[in-house]
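Visitor: Sharing a structure, written as structure tokens. Questions coming.
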Amino acid sequence: MTDDRRMTTDRFYGGVTNRLDNLRTCLAYVHTTSPTREELIQWVINNTRASSPEAINHHLAFLDAIDLLHLEDTGCKLAHYGEQWLADQDPSILYAALSEGVKGFDTILQALAEDPRTDTDLMDILVNEFDEAEMTKPGPAIRHREWLQVLGYATREGDTTYLTDAGRDALKHQHTDSYHATHSSPPAVEIGDRLTQADIETIFDTGFGYQISGINPRRDATDNQYLLVFATEDGPYDDAVTQGQFEYIGEGLEGDQSTSSPGNSVLIDAIETDIPVHFFYQATEATGWAYQGLVDVLDWEFETRGGREVLVFTMAHQQADSIDWTTAVREQLKQYCETHTSRRVTLDEIYDFAAADLARAFPDNNNIRTKIHQQLQVLRDQGDIEFLDDAGTYRLTFEIDVEAVETDLQAKLNDEPQLTSDSEEFTEQERRVRDQTFARLVKAAYDNRCAICGQHRETPAGTPEVEAAHIYPKQKNGADDPRNGLALCKLHHWAFDTGWLAVSDDYTLLVAAAPKRDGYHEFKQLEDSQIRQPANEELAPHRLFLQQHRELHDF
């Protein structure tokens, strides 16, 4: 199905704190007067700071695009979502209008549920998720983020966005009607639950027609493949198939079975790929199907039974040992990482490294490599590893040691500084940990006081206002060396980043020569004063970074 939603969103008038009020009064005006397009544009001019009819028309067209209003030259009126939202002000209605009209809102909510993000993080996430998101600056991502703030789904602290409880609740209610193929049981379904055919069709968002057959290849809404496999006591299977390792006969009731039939071929593919296989069992006298959870397909072979060739698949229930297996494979990956000082590993390398140890740990399993591969898919679904290429290369992302990162950053103090860091060297998760550690070290070095004005402010909750500024900018891959950092209040962080202020090699403040600009005389008072330096001289700003910052801003 083609996704014809737009990629970018637009603001409406007002900041994060009053945009909803402006939108509400605008829609109420449309509801009560059905104005012409020209009258509506004039209303916006009269009731906001807007002055350009062309820009206003652009913003109103966005409200039309997301089904809040119908914009007509002769008479505007509320659209479906506009009527609903104006009636009860439920943010979920406005979110539905935004997310159904614009790509990326669900993606950002999900990303924020995993970790707080900067605007650059959000931009990278959208670019990676959507081919048409060809942005090099985070402006479009910022507009997405602002709408989430307006709805109360996200909040900002410094340059980082966090998901609120309301945003978390909203995420829980997204896509509840669509099954997504992952290596876990569907939401609200537990092993042992008895389900009717209608239940299964609803849970997995599929259909079986007149009755359920044995092997059912399916694809979810995003075209990921999964399998629903059914066995009955009359099939003939006794309850031995409900635990441990068991045999399952392929599809085809008459004549020799074939590896090319739809169900058999996908079961064979499941041995070497990450296709989830859900298993159901029905005893002779039972009503409904007992959900048995996920199974691994370990092997297959042809056997002669009843005068014909049938495929016999060897399967094993994941709940019997998947926790132990997953833990064991994770530990092997950690050991590989420590031994080889690398977070990249190929499938063949982990086979060679781990197979012998795992064979000793699980002596009853004769398909060690298949089991390793299947557990790698589980770890990928859990976010512990990333799949990099078709050659079977993985990158390990789990359990980053924060203390080790801090030790690494502090160790930089013993070396000559490097102007930039190689951002490709680290995973996204590692990058975030390094950024957070850099900020913590820098702010602690200055005792949470601004190096320029000396102020120490806190929120009512006790969070310091001061921010960790990169001297040579992070946007240019400025090094995460603590000597490339200054603790600054929000005003002086902005002034330093935009080129109002710089620091000489002897730590004296310099001010840009821009006397005609607003703010000049305020900053001019700081000229020639000394910045505050850390008690630990090793953490003082290094001249390399100060010089490059001055050069960047033409001092």
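By convention here, the chains of the structure tokens are called A, B, ... in the order presented, each chain's residues are numbered starting at 1, and ligands are numbered starting at 1 in the order presented.
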Once DSSP has gone over the backbone, tell me which residues of stretch 190-413 of chain A are in alpha helix (DSSP H), as number ranges by chain.

Guide: A: 197-203, 262-272, 318-340, 347-361, 368-381, 402-411

Visitor: What parts of stretch 82-167 of chain A does DSSP call strand (DSSP E)? I'd like the answer as an MDAnalysis selection string.

Guide: chainID A and resid 117:118 154:157 160:163

Visitor: List the neighbours of A:Thr36 out to 8 Å using only C-alpha atoms; skip same-chain residues closer than 4 positions along the sequence, and give me the result as a PyMOL selection string.

Guide: chain A and resi 40+72-76

Visitor: Would you save the residues from that selection as a JSON list (two decimals), in the first residue's frame, using N, CA, C and O atoms?

Guide:
```
[["chain", "number", "residue", "atom", "x", "y", "z"],
["A", 40, "LEU", "N", -10.73, 34.71, 6.53],
["A", 40, "LEU", "CA", -9.98, 33.92, 7.50],
["A", 40, "LEU", "C", -8.54, 34.42, 7.59],
["A", 40, "LEU", "O", -7.97, 34.52, 8.69],
["A", 72, "GLU", "N", -11.76, 26.94, 1.59],
["A", 72, "GLU", "CA", -12.43, 27.26, 0.33],
["A", 72, "GLU", "C", -12.44, 28.78, 0.16],
["A", 72, "GLU", "O", -12.58, 29.53, 1.13],
["A", 73, "ASP", "N", -12.33, 29.23, -1.10],
["A", 73, "ASP", "CA", -12.36, 30.67, -1.35],
["A", 73, "ASP", "C", -13.67, 31.29, -0.91],
["A", 73, "ASP", "O", -13.71, 32.41, -0.38],
["A", 74, "THR", "N", -14.78, 30.58, -1.12],
["A", 74, "THR", "CA", -16.10, 31.15, -0.86],
["A", 74, "THR", "C", -16.63, 30.87, 0.54],
["A", 74, "THR", "O", -17.59, 31.50, 0.98],
["A", 75, "GLY", "N", -16.05, 29.93, 1.26],
["A", 75, "GLY", "CA", -16.53, 29.63, 2.60],
["A", 75, "GLY", "C", -15.76, 28.47, 3.22],
["A", 75, "GLY", "O", -15.82, 27.35, 2.71],
["A", 76, "CYS", "N", -15.04, 28.73, 4.31],
["A", 76, "CYS", "CA", -14.27, 27.70, 4.99],
["A", 76, "CYS", "C", -15.11, 27.06, 6.09],
["A", 76, "CYS", "O", -15.95, 27.73, 6.71]]
```

Visitor: Within 10 Å of A:Ser529, counting only C-alpha atoms, which residues show up once you throw out same-chain ones fewer than 4 positions away? Write them as a CSV table (one decimal) with C-alpha atoms, in the first residue's frame, please.

Guide:
```csv
chain,number,residue,atom,x,y,z
A,452,ILE,CA,31.2,33.7,31.9
A,453,CYS,CA,28.8,35.2,34.5
A,503,VAL,CA,37.7,33.5,24.5
A,507,TYR,CA,41.0,33.2,28.9
A,508,THR,CA,39.9,36.8,28.3
A,509,LEU,CA,36.4,37.4,26.8
A,510,LEU,CA,36.2,38.9,23.3
A,525,GLN,CA,30.2,45.0,29.2
```

Visitor: Write out as a PyMOL selection string which residues come within 12 Å of A:Ala359 when counting only C-alpha atoms, dropping same-chain ones fewer than 3 positions away.

Guide: chain A and resi 325+328-329+351-356+362-372

Visitor: Using only C-alpha atoms, which of the listed residues (A:Phe313, A:Thr161, A:Val511, A:His278) sits closest to A:Thr259?

Guide: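 Between A:Phe313, A:Thr161, A:Val511, A:His278, the residue approaching A:Thr259 most closely is A:Phe313.
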
Visitor: Please list as a list in words every residue within 10 Å of A:Asp238, counting only C-alpha atoms and excluding residues in the same chain fewer than 3 positions away.

Guide: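 Final neighbour list, sorted by chain and number: Ala231, Thr232, Glu233, Asp234, Gly235, Val241, Thr242, Tyr281, Gln282, Ala283 and Thr284 of chain A.
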
Visitor: Give me, as a ChimeraX atom specification, all polymer residues having an atom no more than 6 Å from A:Ala487, counting only C-alpha atoms and skipping those fewer than 3 positions away in the same chain.

Guide: /A:443,450-451,467-468

Visitor: Would you save the residues of that selection, restricted to N, CA, C and O atoms, as an mmCIF file, in the first residue's frame?

Guide:
```cif
data_model
loop_
_atom_site.group_PDB
_atom_site.id
_atom_site.type_symbol
_atom_site.label_atom_id
_atom_site.label_comp_id
_atom_site.auth_asym_id
_atom_site.auth_seq_id
_atom_site.Cartn_x
_atom_site.Cartn_y
_atom_site.Cartn_z
ATOM 1 N N LYS A 443 30.139 20.063 33.243
ATOM 2 C CA LYS A 443 29.362 20.830 34.228
ATOM 3 C C LYS A 443 29.926 20.643 35.634
ATOM 4 O O LYS A 443 29.985 21.597 36.428
ATOM 5 N N CYS A 450 28.099 29.069 35.428
ATOM 6 C CA CYS A 450 28.470 29.593 34.112
ATOM 7 C C CYS A 450 29.885 30.144 34.160
ATOM 8 O O CYS A 450 30.227 30.955 35.045
ATOM 9 N N ALA A 451 30.724 29.727 33.221
ATOM 10 C CA ALA A 451 32.118 30.172 33.189
ATOM 11 C C ALA A 451 32.229 31.656 32.852
ATOM 12 O O ALA A 451 33.259 32.280 33.109
ATOM 13 N N GLU A 467 24.605 24.564 31.044
ATOM 14 C CA GLU A 467 24.728 23.582 29.967
ATOM 15 C C GLU A 467 26.199 23.395 29.608
ATOM 16 O O GLU A 467 27.024 24.283 29.832
ATOM 17 N N ALA A 468 26.501 22.230 29.048
ATOM 18 C CA ALA A 468 27.872 21.950 28.596
ATOM 19 C C ALA A 468 27.979 22.332 27.127
ATOM 20 O O ALA A 468 27.374 21.697 26.268
#
```

Visitor: Hey, which of A:Gln548, A:Gln377, A:Ser99, A:Gln42 ends up closest to A:Ala170? Count only C-alpha atoms.

Guide: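 Closest residue, counting only C-alpha atoms: A:Ser99.
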
Visitor: Considering only C-alpha atoms, can you say which of A:Ala361, A:Met7, A:Ala479, A:Ala514 comes closest to A:Val102?

Guide: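 Among the listed residues, A:Met7 lies closest to A:Val102.
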